[in-house]
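Peer 1: start_32.cif is reproduced below (mmCIF, C-alpha atoms).
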data_target
#
loop_
_atom_site.group_PDB
_atom_site.id
_atom_site.type_symbol
_atom_site.label_atom_id
_atom_site.label_comp_id
_atom_site.auth_asym_id
_atom_site.auth_seq_id
_atom_site.Cartn_x
_atom_site.Cartn_y
_atom_site.Cartn_z
ATOM 1 C CA MET A 2 5.059 2.625 -17.974
ATOM 2 C CA ALA A 3 1.491 1.525 -18.736
ATOM 3 C CA ASP A 4 0.004 3.647 -21.530
ATOM 4 C CA ILE A 5 -2.680 5.217 -19.325
ATOM 5 C CA ALA A 6 -0.075 6.349 -16.772
ATOM 6 C CA SER A 7 0.691 9.349 -18.968
ATOM 7 C CA THR A 8 -2.906 10.610 -18.712
ATOM 8 C CA PHE A 9 -2.686 11.682 -15.042
ATOM 9 C CA SER A 10 -0.258 12.754 -12.324
ATOM 10 C CA ARG A 11 -2.023 11.276 -9.316
ATOM 11 C CA LEU A 12 -5.538 10.036 -8.780
ATOM 12 C CA ILE A 13 -7.774 9.461 -5.797
ATOM 13 C CA ARG A 14 -10.992 7.496 -5.477
ATOM 14 C CA PHE A 15 -13.624 9.089 -3.279
ATOM 15 C CA THR A 16 -17.218 10.012 -2.643
ATOM 16 C CA PRO A 17 -18.124 13.701 -3.041
ATOM 17 C CA THR A 18 -19.981 15.907 -0.574
ATOM 18 C CA SER A 19 -22.561 16.638 -3.278
ATOM 19 C CA SER A 20 -23.525 12.957 -3.582
ATOM 20 C CA PRO A 21 -22.097 10.793 -0.765
ATOM 21 C CA THR A 22 -23.197 7.496 -2.355
ATOM 22 C CA THR A 23 -21.452 8.175 -5.685
ATOM 23 C CA ILE A 24 -17.884 6.992 -6.241
ATOM 24 C CA LEU A 25 -15.697 9.236 -8.388
ATOM 25 C CA ILE A 26 -12.129 9.298 -9.707
ATOM 26 C CA GLY A 27 -10.161 12.515 -9.889
ATOM 27 C CA GLU A 28 -6.965 14.490 -9.545
ATOM 28 C CA PRO A 29 -6.526 16.815 -6.541
ATOM 29 C CA VAL A 30 -6.542 20.456 -7.646
ATOM 30 C CA ASP A 31 -3.674 21.278 -5.265
ATOM 31 C CA SER A 32 -0.750 19.229 -6.578
ATOM 32 C CA THR A 33 1.232 19.731 -3.345
ATOM 33 C CA LEU A 34 -1.465 18.673 -0.888
ATOM 34 C CA ASP A 35 -0.963 15.579 1.266
ATOM 35 C CA ILE A 36 -4.417 14.126 0.673
ATOM 36 C CA GLY A 37 -4.341 11.662 3.556
ATOM 37 C CA LEU A 38 -3.518 14.313 6.141
ATOM 38 C CA ALA A 39 -5.867 16.901 4.635
ATOM 39 C CA VAL A 40 -8.837 14.540 4.850
ATOM 40 C CA LEU A 41 -7.861 13.440 8.365
ATOM 41 C CA GLU A 42 -7.758 17.077 9.491
ATOM 42 C CA GLY A 43 -11.137 17.825 7.955
ATOM 43 C CA LYS A 44 -9.801 20.229 5.340
ATOM 44 C CA GLU A 45 -11.707 20.869 2.145
ATOM 45 C CA VAL A 46 -10.088 18.886 -0.668
ATOM 46 C CA SER A 47 -11.057 19.945 -4.205
ATOM 47 C CA VAL A 48 -10.716 17.385 -6.970
ATOM 48 C CA SER A 49 -10.833 17.698 -10.762
ATOM 49 C CA ILE A 50 -13.094 14.878 -11.897
ATOM 50 C CA PHE A 51 -12.022 12.403 -14.577
ATOM 51 C CA SER A 52 -14.528 10.985 -17.048
ATOM 52 C CA GLY A 53 -13.713 7.349 -16.269
ATOM 53 C CA SER A 54 -15.000 5.194 -13.435
ATOM 54 C CA SER A 55 -11.719 3.603 -12.282
ATOM 55 C CA VAL A 56 -8.023 4.392 -12.012
ATOM 56 C CA LEU A 57 -7.607 1.537 -14.513
ATOM 57 C CA THR A 58 -9.784 3.376 -17.035
ATOM 58 C CA PRO A 59 -9.618 6.984 -15.829
ATOM 59 C CA GLY A 60 -10.627 8.626 -19.076
ATOM 60 C CA SER A 61 -9.701 12.292 -19.224
ATOM 61 C CA LYS A 62 -9.882 15.294 -16.927
ATOM 62 C CA THR A 63 -13.159 17.219 -17.111
ATOM 63 C CA ASP A 64 -14.069 20.772 -16.085
ATOM 64 C CA LYS A 65 -16.047 19.473 -13.126
ATOM 65 C CA VAL A 66 -14.668 19.959 -9.598
ATOM 66 C CA GLU A 67 -15.971 18.157 -6.499
ATOM 67 C CA THR A 68 -15.085 18.167 -2.787
ATOM 68 C CA VAL A 69 -14.086 14.969 -0.971
ATOM 69 C CA SER A 70 -16.558 13.500 1.499
ATOM 70 C CA LYS A 71 -14.937 10.071 2.044
ATOM 71 C CA LEU A 72 -11.506 9.019 0.796
ATOM 72 C CA LEU A 73 -11.414 5.453 -0.532
ATOM 73 C CA SER A 74 -8.605 3.085 -1.484
ATOM 74 C CA PRO A 75 -7.454 3.764 -5.074
ATOM 75 C CA LEU A 76 -8.967 0.468 -6.252
ATOM 76 C CA SER A 77 -11.984 -1.574 -5.188
ATOM 77 C CA GLN A 78 -11.994 -5.200 -4.020
ATOM 78 C CA SER A 79 -13.464 -6.283 -7.365
ATOM 79 C CA GLU A 80 -10.529 -4.724 -9.244
ATOM 80 C CA ILE A 81 -7.494 -6.018 -7.381
ATOM 81 C CA GLY A 82 -7.898 -9.799 -7.476
ATOM 82 C CA THR A 83 -5.317 -11.380 -5.177
ATOM 83 C CA ILE A 84 -2.817 -9.003 -3.558
ATOM 84 C CA ARG A 85 0.780 -10.096 -4.119
ATOM 85 C CA CYS A 86 3.237 -9.353 -1.304
ATOM 86 C CA ILE A 87 7.027 -9.544 -1.260
ATOM 87 C CA GLY A 88 8.514 -10.472 2.093
ATOM 88 C CA LEU A 89 11.995 -9.576 3.345
ATOM 89 C CA ASN A 90 12.795 -7.135 0.543
ATOM 90 C CA TYR A 91 14.996 -4.747 2.536
ATOM 91 C CA VAL A 92 18.482 -5.879 3.508
ATOM 92 C CA SER A 93 18.236 -4.164 6.891
ATOM 93 C CA HIS A 94 14.819 -5.685 7.658
ATOM 94 C CA ALA A 95 16.014 -9.212 6.885
ATOM 95 C CA ARG A 96 18.959 -8.635 9.219
ATOM 96 C CA GLU A 97 16.821 -7.303 12.079
ATOM 97 C CA MET A 98 14.668 -10.439 11.797
ATOM 98 C CA ASN A 99 17.810 -12.645 11.719
ATOM 99 C CA ILE A 100 16.810 -14.156 8.376
ATOM 100 C CA ASP A 101 19.142 -14.834 5.453
ATOM 101 C CA ILE A 102 18.970 -12.480 2.482
ATOM 102 C CA PRO A 103 16.705 -14.247 -0.046
ATOM 103 C CA ALA A 104 18.112 -15.219 -3.438
ATOM 104 C CA VAL A 105 14.725 -14.882 -5.123
ATOM 105 C CA PRO A 106 11.681 -12.808 -4.088
ATOM 106 C CA THR A 107 9.633 -14.309 -1.251
ATOM 107 C CA LEU A 108 5.956 -14.251 -2.218
ATOM 108 C CA PHE A 109 2.847 -14.518 -0.077
ATOM 109 C CA LEU A 110 -0.732 -13.552 -0.865
ATOM 110 C CA LYS A 111 -3.538 -11.546 0.673
ATOM 111 C CA PRO A 112 -7.143 -12.040 -0.492
ATOM 112 C CA ASP A 113 -9.176 -9.163 -1.870
ATOM 113 C CA THR A 114 -11.063 -9.012 1.444
ATOM 114 C CA ALA A 115 -7.842 -7.748 3.057
ATOM 115 C CA LEU A 116 -8.206 -4.443 1.175
ATOM 116 C CA SER A 117 -9.173 -1.500 3.379
ATOM 117 C CA ASP A 118 -9.818 2.211 2.952
ATOM 118 C CA PRO A 119 -7.743 4.863 4.711
ATOM 119 C CA TYR A 120 -8.869 6.239 8.060
ATOM 120 C CA PRO A 121 -11.234 7.959 8.845
ATOM 121 C CA THR A 122 -13.322 6.232 6.152
ATOM 122 C CA ALA A 123 -12.480 2.868 7.725
ATOM 123 C CA THR A 124 -10.768 1.553 10.836
ATOM 124 C CA THR A 125 -8.421 -1.431 10.697
ATOM 125 C CA ILE A 126 -9.567 -4.424 12.704
ATOM 126 C CA LEU A 127 -7.344 -6.478 14.994
ATOM 127 C CA PRO A 128 -9.054 -9.901 14.821
ATOM 128 C CA LYS A 129 -9.705 -12.022 17.889
ATOM 129 C CA ILE A 130 -6.888 -14.443 17.073
ATOM 130 C CA THR A 131 -4.436 -11.533 17.140
ATOM 131 C CA GLN A 132 -5.817 -10.224 20.429
ATOM 132 C CA VAL A 133 -5.060 -13.519 22.226
ATOM 133 C CA ASP A 134 -1.476 -12.415 22.866
ATOM 134 C CA GLY A 135 -1.503 -8.919 21.349
ATOM 135 C CA THR A 136 1.044 -9.481 18.586
ATOM 136 C CA GLY A 137 -0.523 -7.402 15.829
ATOM 137 C CA ASP A 138 2.202 -5.597 13.894
ATOM 138 C CA TYR A 139 2.621 -2.889 11.263
ATOM 139 C CA GLU A 140 4.663 -2.891 8.048
ATOM 140 C CA SER A 141 5.001 0.315 6.007
ATOM 141 C CA GLU A 142 5.188 -0.534 2.323
ATOM 142 C CA MET A 143 5.209 0.994 -1.120
ATOM 143 C CA ALA A 144 2.707 -0.715 -3.401
ATOM 144 C CA ILE A 145 2.854 -1.187 -7.164
ATOM 145 C CA VAL A 146 -0.348 -1.152 -9.235
ATOM 146 C CA ILE A 147 -0.261 -3.018 -12.557
ATOM 147 C CA GLY A 148 -1.894 -1.124 -15.426
ATOM 148 C CA LYS A 149 -2.221 -3.825 -18.095
ATOM 149 C CA ASP A 150 -2.104 -7.604 -18.141
ATOM 150 C CA ALA A 151 1.461 -8.866 -17.745
ATOM 151 C CA LYS A 152 2.851 -12.348 -18.375
ATOM 152 C CA ASP A 153 6.431 -13.563 -18.909
ATOM 153 C CA VAL A 154 7.682 -9.985 -18.850
ATOM 154 C CA PRO A 155 11.454 -9.401 -19.069
ATOM 155 C CA GLU A 156 12.949 -7.009 -16.536
ATOM 156 C CA SER A 157 13.845 -4.597 -19.337
ATOM 157 C CA GLU A 158 10.132 -4.139 -20.123
ATOM 158 C CA ALA A 159 8.630 -4.465 -16.634
ATOM 159 C CA LEU A 160 8.023 -0.756 -16.019
ATOM 160 C CA GLU A 161 5.837 -0.646 -19.141
ATOM 161 C CA TYR A 162 3.212 -2.538 -17.132
ATOM 162 C CA VAL A 163 3.282 -0.348 -14.011
ATOM 163 C CA LEU A 164 0.396 2.101 -13.699
ATOM 164 C CA GLY A 165 1.618 3.757 -10.530
ATOM 165 C CA TYR A 166 2.520 3.628 -6.872
ATOM 166 C CA THR A 167 0.683 4.060 -3.591
ATOM 167 C CA ALA A 168 1.150 3.318 0.127
ATOM 168 C CA SER A 169 0.080 0.262 2.066
ATOM 169 C CA ASN A 170 0.320 -1.300 5.517
ATOM 170 C CA ASP A 171 0.940 -5.044 5.623
ATOM 171 C CA VAL A 172 -0.806 -5.581 8.953
ATOM 172 C CA SER A 173 0.399 -8.870 10.440
ATOM 173 C CA SER A 174 -0.269 -11.238 13.338
ATOM 174 C CA ARG A 175 3.216 -12.285 14.452
ATOM 175 C CA THR A 176 2.422 -15.353 16.578
ATOM 176 C CA SER A 177 0.381 -16.863 13.755
ATOM 177 C CA GLN A 178 3.136 -15.951 11.305
ATOM 178 C CA MET A 179 5.928 -17.549 13.320
ATOM 179 C CA ASN A 180 3.865 -20.705 13.900
ATOM 180 C CA GLN A 181 3.710 -21.395 10.161
ATOM 181 C CA THR A 182 5.999 -21.471 7.140
ATOM 182 C CA GLN A 183 3.250 -19.982 4.959
ATOM 183 C CA TRP A 184 2.289 -16.363 5.750
ATOM 184 C CA CYS A 185 -1.023 -16.015 3.911
ATOM 185 C CA PHE A 186 -3.080 -16.782 7.019
ATOM 186 C CA SER A 187 -1.260 -14.453 9.410
ATOM 187 C CA LYS A 188 -1.296 -11.525 6.988
ATOM 188 C CA GLY A 189 -4.569 -12.116 5.148
ATOM 189 C CA PHE A 190 -7.224 -11.159 7.707
ATOM 190 C CA ASP A 191 -10.110 -8.944 6.629
ATOM 191 C CA GLY A 192 -8.975 -5.323 6.325
ATOM 192 C CA SER A 193 -5.296 -6.178 6.814
ATOM 193 C CA CYS A 194 -4.194 -4.193 3.760
ATOM 194 C CA PRO A 195 -5.079 -0.489 4.048
ATOM 195 C CA LEU A 196 -4.202 1.183 0.740
ATOM 196 C CA GLY A 197 -3.897 4.816 -0.378
ATOM 197 C CA PRO A 198 -4.322 7.706 -0.160
ATOM 198 C CA ALA A 199 -3.326 8.561 -3.761
ATOM 199 C CA LEU A 200 -2.117 6.616 -6.764
ATOM 200 C CA VAL A 201 0.852 8.444 -8.285
ATOM 201 C CA SER A 202 1.418 7.794 -11.979
ATOM 202 C CA SER A 203 4.567 5.892 -12.898
ATOM 203 C CA ALA A 204 5.121 8.676 -15.449
ATOM 204 C CA ALA A 205 5.638 11.050 -12.522
ATOM 205 C CA VAL A 206 8.211 8.765 -10.850
ATOM 206 C CA PRO A 207 11.176 8.310 -13.197
ATOM 207 C CA ASP A 208 13.274 6.640 -10.471
ATOM 208 C CA VAL A 209 11.282 4.898 -7.755
ATOM 209 C CA SER A 210 14.435 4.277 -5.695
ATOM 210 C CA LYS A 211 14.537 7.990 -4.942
ATOM 211 C CA LEU A 212 11.224 7.878 -3.067
ATOM 212 C CA SER A 213 11.291 7.788 0.732
ATOM 213 C CA ILE A 214 9.071 5.973 3.213
ATOM 214 C CA ARG A 215 8.369 6.409 6.930
ATOM 215 C CA GLY A 216 6.197 4.529 9.391
ATOM 216 C CA VAL A 217 4.904 6.563 12.337
ATOM 217 C CA LYS A 218 3.050 5.019 15.288
ATOM 218 C CA ASN A 219 1.167 7.412 17.562
ATOM 219 C CA GLY A 220 3.466 10.240 16.489
ATOM 220 C CA VAL A 221 6.741 8.318 16.922
ATOM 221 C CA VAL A 222 8.835 7.342 13.867
ATOM 222 C CA MET A 223 9.242 3.561 13.817
ATOM 223 C CA GLN A 224 10.412 2.897 10.265
ATOM 224 C CA GLN A 225 12.344 4.949 7.763
ATOM 225 C CA ALA A 226 13.999 4.433 4.386
ATOM 226 C CA THR A 227 15.140 7.640 2.707
ATOM 227 C CA PRO A 228 15.487 6.901 -0.134
ATOM 228 C CA LEU A 229 14.509 3.357 -1.081
ATOM 229 C CA THR A 230 18.063 2.227 -1.794
ATOM 230 C CA ASP A 231 17.965 -0.752 0.575
ATOM 231 C CA LEU A 232 15.616 -2.829 -1.614
ATOM 232 C CA ILE A 233 16.923 -6.298 -2.387
ATOM 233 C CA PHE A 234 14.723 -6.711 -5.455
ATOM 234 C CA SER A 235 13.821 -3.727 -7.647
ATOM 235 C CA VAL A 236 10.372 -2.938 -9.035
ATOM 236 C CA GLU A 237 11.523 -4.292 -12.399
ATOM 237 C CA LYS A 238 12.725 -7.549 -10.843
ATOM 238 C CA ILE A 239 9.548 -8.007 -8.803
ATOM 239 C CA VAL A 240 7.152 -7.438 -11.695
ATOM 240 C CA SER A 241 9.177 -9.638 -14.043
ATOM 241 C CA PHE A 242 9.542 -12.453 -11.485
ATOM 242 C CA LEU A 243 5.863 -12.528 -10.511
ATOM 243 C CA SER A 244 4.754 -12.532 -14.153
ATOM 244 C CA GLN A 245 6.668 -15.680 -15.083
ATOM 245 C CA GLY A 246 4.048 -18.228 -16.088
ATOM 246 C CA THR A 247 1.364 -16.230 -14.267
ATOM 247 C CA THR A 248 -0.779 -13.430 -15.651
ATOM 248 C CA LEU A 249 -0.757 -10.327 -13.475
ATOM 249 C CA LYS A 250 -4.043 -8.778 -14.484
ATOM 250 C CA ALA A 251 -4.572 -5.039 -14.662
ATOM 251 C CA GLY A 252 -5.382 -3.843 -11.147
ATOM 252 C CA THR A 253 -3.033 -6.280 -9.443
ATOM 253 C CA VAL A 254 -1.537 -4.734 -6.308
ATOM 254 C CA ILE A 255 2.000 -5.743 -5.314
ATOM 255 C CA LEU A 256 3.388 -4.853 -1.880
ATOM 256 C CA THR A 257 7.156 -4.426 -2.138
ATOM 257 C CA GLY A 258 8.306 -5.177 1.414
ATOM 258 C CA THR A 259 8.950 -3.181 4.550
ATOM 259 C CA PRO A 260 12.024 -1.354 5.875
ATOM 260 C CA PRO A 261 13.487 -2.070 9.339
ATOM 261 C CA GLY A 262 11.728 -1.049 12.523
ATOM 262 C CA VAL A 263 8.766 -3.422 12.734
ATOM 263 C CA GLY A 264 7.297 -3.894 16.196
ATOM 264 C CA ALA A 265 8.398 -7.518 16.503
ATOM 265 C CA ALA A 266 12.065 -6.533 16.138
ATOM 266 C CA LYS A 267 12.061 -3.810 18.789
ATOM 267 C CA THR A 268 13.040 -4.089 22.454
ATOM 268 C CA PRO A 269 10.571 -3.838 24.068
ATOM 269 C CA LYS A 270 8.111 -4.979 21.409
ATOM 270 C CA GLU A 271 5.943 -2.299 19.782
ATOM 271 C CA PHE A 272 2.839 -4.241 18.871
ATOM 272 C CA LEU A 273 -0.474 -2.683 17.861
ATOM 273 C CA ARG A 274 -3.285 -2.081 20.323
ATOM 274 C CA SER A 275 -6.853 -0.909 19.914
ATOM 275 C CA GLY A 276 -6.828 2.882 19.613
ATOM 276 C CA ASP A 277 -3.361 3.083 18.042
ATOM 277 C CA GLU A 278 -2.822 5.193 14.941
ATOM 278 C CA PHE A 279 -0.242 4.301 12.327
ATOM 279 C CA ARG A 280 0.838 6.429 9.364
ATOM 280 C CA VAL A 281 2.691 5.307 6.266
ATOM 281 C CA GLU A 282 4.275 8.329 4.601
ATOM 282 C CA ILE A 283 5.633 8.101 1.052
ATOM 283 C CA SER A 284 7.152 10.991 -0.871
ATOM 284 C CA GLY A 285 6.551 11.902 -4.510
ATOM 285 C CA GLY A 286 2.915 12.853 -4.060
ATOM 286 C CA VAL A 287 1.625 9.579 -2.600
ATOM 287 C CA GLY A 288 1.146 11.235 0.792
ATOM 288 C CA THR A 289 0.161 9.756 4.146
ATOM 289 C CA LEU A 290 -1.879 6.584 4.575
ATOM 290 C CA VAL A 291 -3.502 6.826 8.010
ATOM 291 C CA SER A 292 -4.849 3.759 9.837
ATOM 292 C CA ARG A 293 -6.637 3.625 13.197
ATOM 293 C CA PHE A 294 -6.848 0.230 14.893
ATOM 294 C CA GLU A 295 -9.650 -1.314 16.888
ATOM 295 C CA ASN A 296 -10.396 -4.764 18.279
ATOM 296 C CA GLN A 297 -12.843 -7.005 16.466
#
Kindly transcribe the structure held in the file into structure tokens.
Peer 2:
Amino acid sequence: MADIASTFSRLIRFTPTSSPTTILIGEPVDSTLDIGLAVLEGKEVSVSIFSGSSVLTPGSKTDKVETVSKLLSPLSQSEIGTIRCIGLNYVSHAREMNIDIPAVPTLFLKPDTALSDPYPTATTILPKITQVDGTGDYESEMAIVIGKDAKDVPESEALEYVLGYTASNDVSSRTSQMNQTQWCFSKGFDGSCPLGPALVSSAAVPDVSKLSIRGVKNGVVMQQATPLTDLIFSVEKIVSFLSQGTTLKAGTVILTGTPPGVGAAKTPKEFLRSGDEFRVEISGGVGTLVSRFENQ
């Protein structure tokens, strides 16, 4: 694990009620609280403030406690660079899409402008090109955050570079995706990567395959992997592969793929519409990433 991972259990990035324009980093006082749901429900969330200004340089826990006003993504646009995304990384998802199991990880990219805060701080926009035929889709994903620069890393050392894990939604426009062999356009629209609510330290997750993930649309479970034993490529393999010849800078976010149950594979289709709510739930303290969709 990255050295700084041992300095915290889970961190959130937020603005406090005492100073709504100030961005702080801290650890929720209640270690059992699902931060995403608590904020959505308007509950008071107390946070022990860390001395640092970023989850990448959190510093140490202070005696100061603040209450959450707005919950933000764990990292800012300026910190993440380009978001790396692994496609078709669950055996069952590849099969539902009638695509061969890949021999090496399938990589596509999202720009930093795709990053979005959890709802209710931000809504997730369905762009006009997606509204043409209404094929916006959800993808519940676990995300890796790199804690220190990584290049040419062997699999045996890959976890030493992982700061922690959080939840993400790889929001996609299926018609655009199927019309092209490259997926960056169809998955890279502004706000198409909600991230959060909490970053759980890799030190607190000794075996990431034991985490579970669910995707829930308007209260109905659409996706589920409990635990994450269906992954084609492990966290170690992904980090090592992506670092070959390419520096993964600290703050790099890597989406690890989605389990079966995406809207495009259902009969009838379960595409996203304005007003829909989608929740990505991940165990181990990550909590629930809530997104609310609206048309551009």
Peer 1: So which one's closest to Asp118 (chain A), A:Gln132, A:Ser292, A:Thr18, A:Gln245? Using only C-alpha atoms, please.
Peer 2: A:Ser292
Peer 1: Could I get the residues of region 51-111 of chain A with an atom no further than 6 Å from an atom of region 251-266 of chain A, each paired with its nearest atom pair and that distance in Å to one decimal, using all atoms listed in the file, sorted by chain and residue number, as JSON lines?
Peer 2:
{"residue": "A:Glu80", "atom": "CA", "partner": "A:Gly252", "partner_atom": "CA", "distance": 5.6}
{"residue": "A:Ile81", "atom": "CA", "partner": "A:Gly252", "partner_atom": "CA", "distance": 4.8}
{"residue": "A:Ile84", "atom": "CA", "partner": "A:Val254", "partner_atom": "CA", "distance": 5.2}
{"residue": "A:Arg85", "atom": "CA", "partner": "A:Ile255", "partner_atom": "CA", "distance": 4.7}
{"residue": "A:Cys86", "atom": "CA", "partner": "A:Leu256", "partner_atom": "CA", "distance": 4.5}
{"residue": "A:Ile87", "atom": "CA", "partner": "A:Thr257", "partner_atom": "CA", "distance": 5.2}
{"residue": "A:Gly88", "atom": "CA", "partner": "A:Gly258", "partner_atom": "CA", "distance": 5.3}
{"residue": "A:Asn90", "atom": "CA", "partner": "A:Gly258", "partner_atom": "CA", "distance": 5.0}
{"residue": "A:Tyr91", "atom": "CA", "partner": "A:Pro260", "partner_atom": "CA", "distance": 5.6}
{"residue": "A:Ser93", "atom": "CA", "partner": "A:Pro261", "partner_atom": "CA", "distance": 5.7}
{"residue": "A:His94", "atom": "CA", "partner": "A:Pro261", "partner_atom": "CA", "distance": 4.2}
Peer 1: Can you list what the PyMOL selection byres ((chain A and resi 147) around 12) grabs from this structure, as a PyMOL selection string?
Peer 2: chain A and resi 2-6+56-57+76+80-82+84-85+144-146+148-152+159-167+200+202-203+236-237+239-241+243-244+248-256
Peer 1: If the PyMOL selection byres ((chain A and resi 274) around 10) is run on the structure shown, which residues does it catch, given as a list in words?
Peer 2: Leu127, Gln132, Gly135, Thr136, Gly137, Asp138, Glu271, Phe272, Leu273, Ser275, Gly276, Asp277, Glu278, Arg293, Phe294, Glu295 and Asn296 of chain A
Peer 1: Show me the residues close to (17.9, -8.0, -2.3) - anything with an atom within 9 Å, counting all atoms listed in the file - and format the list as an mmCIF file with C-alpha atoms, keeping the file's coordinate frame.
Peer 2:
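For reference, point_0.cif as written:
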data_model
loop_
_atom_site.group_PDB
_atom_site.id
_atom_site.type_symbol
_atom_site.label_atom_id
_atom_site.label_comp_id
_atom_site.auth_asym_id
_atom_site.auth_seq_id
_atom_site.Cartn_x
_atom_site.Cartn_y
_atom_site.Cartn_z
ATOM 1 C CA LEU A 89 11.995 -9.576 3.345
ATOM 2 C CA ASN A 90 12.795 -7.135 0.543
ATOM 3 C CA TYR A 91 14.996 -4.747 2.536
ATOM 4 C CA VAL A 92 18.482 -5.879 3.508
ATOM 5 C CA ILE A 102 18.970 -12.480 2.482
ATOM 6 C CA PRO A 103 16.705 -14.247 -0.046
ATOM 7 C CA ALA A 104 18.112 -15.219 -3.438
ATOM 8 C CA VAL A 105 14.725 -14.882 -5.123
ATOM 9 C CA PRO A 106 11.681 -12.808 -4.088
ATOM 10 C CA ASP A 231 17.965 -0.752 0.575
ATOM 11 C CA LEU A 232 15.616 -2.829 -1.614
ATOM 12 C CA ILE A 233 16.923 -6.298 -2.387
ATOM 13 C CA PHE A 234 14.723 -6.711 -5.455
ATOM 14 C CA SER A 235 13.821 -3.727 -7.647
#
Peer 1: As a check of understanding, name the residues that the PyMOL selection byres ((chain A and resi 72) around 6) selects in the supplied structure, as a list in words.
Peer 2: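 When the PyMOL selection byres ((chain A and resi 72) around 6) is applied to the shown file, the picked residues are Phe15, Lys71 and Leu73 of chain A.
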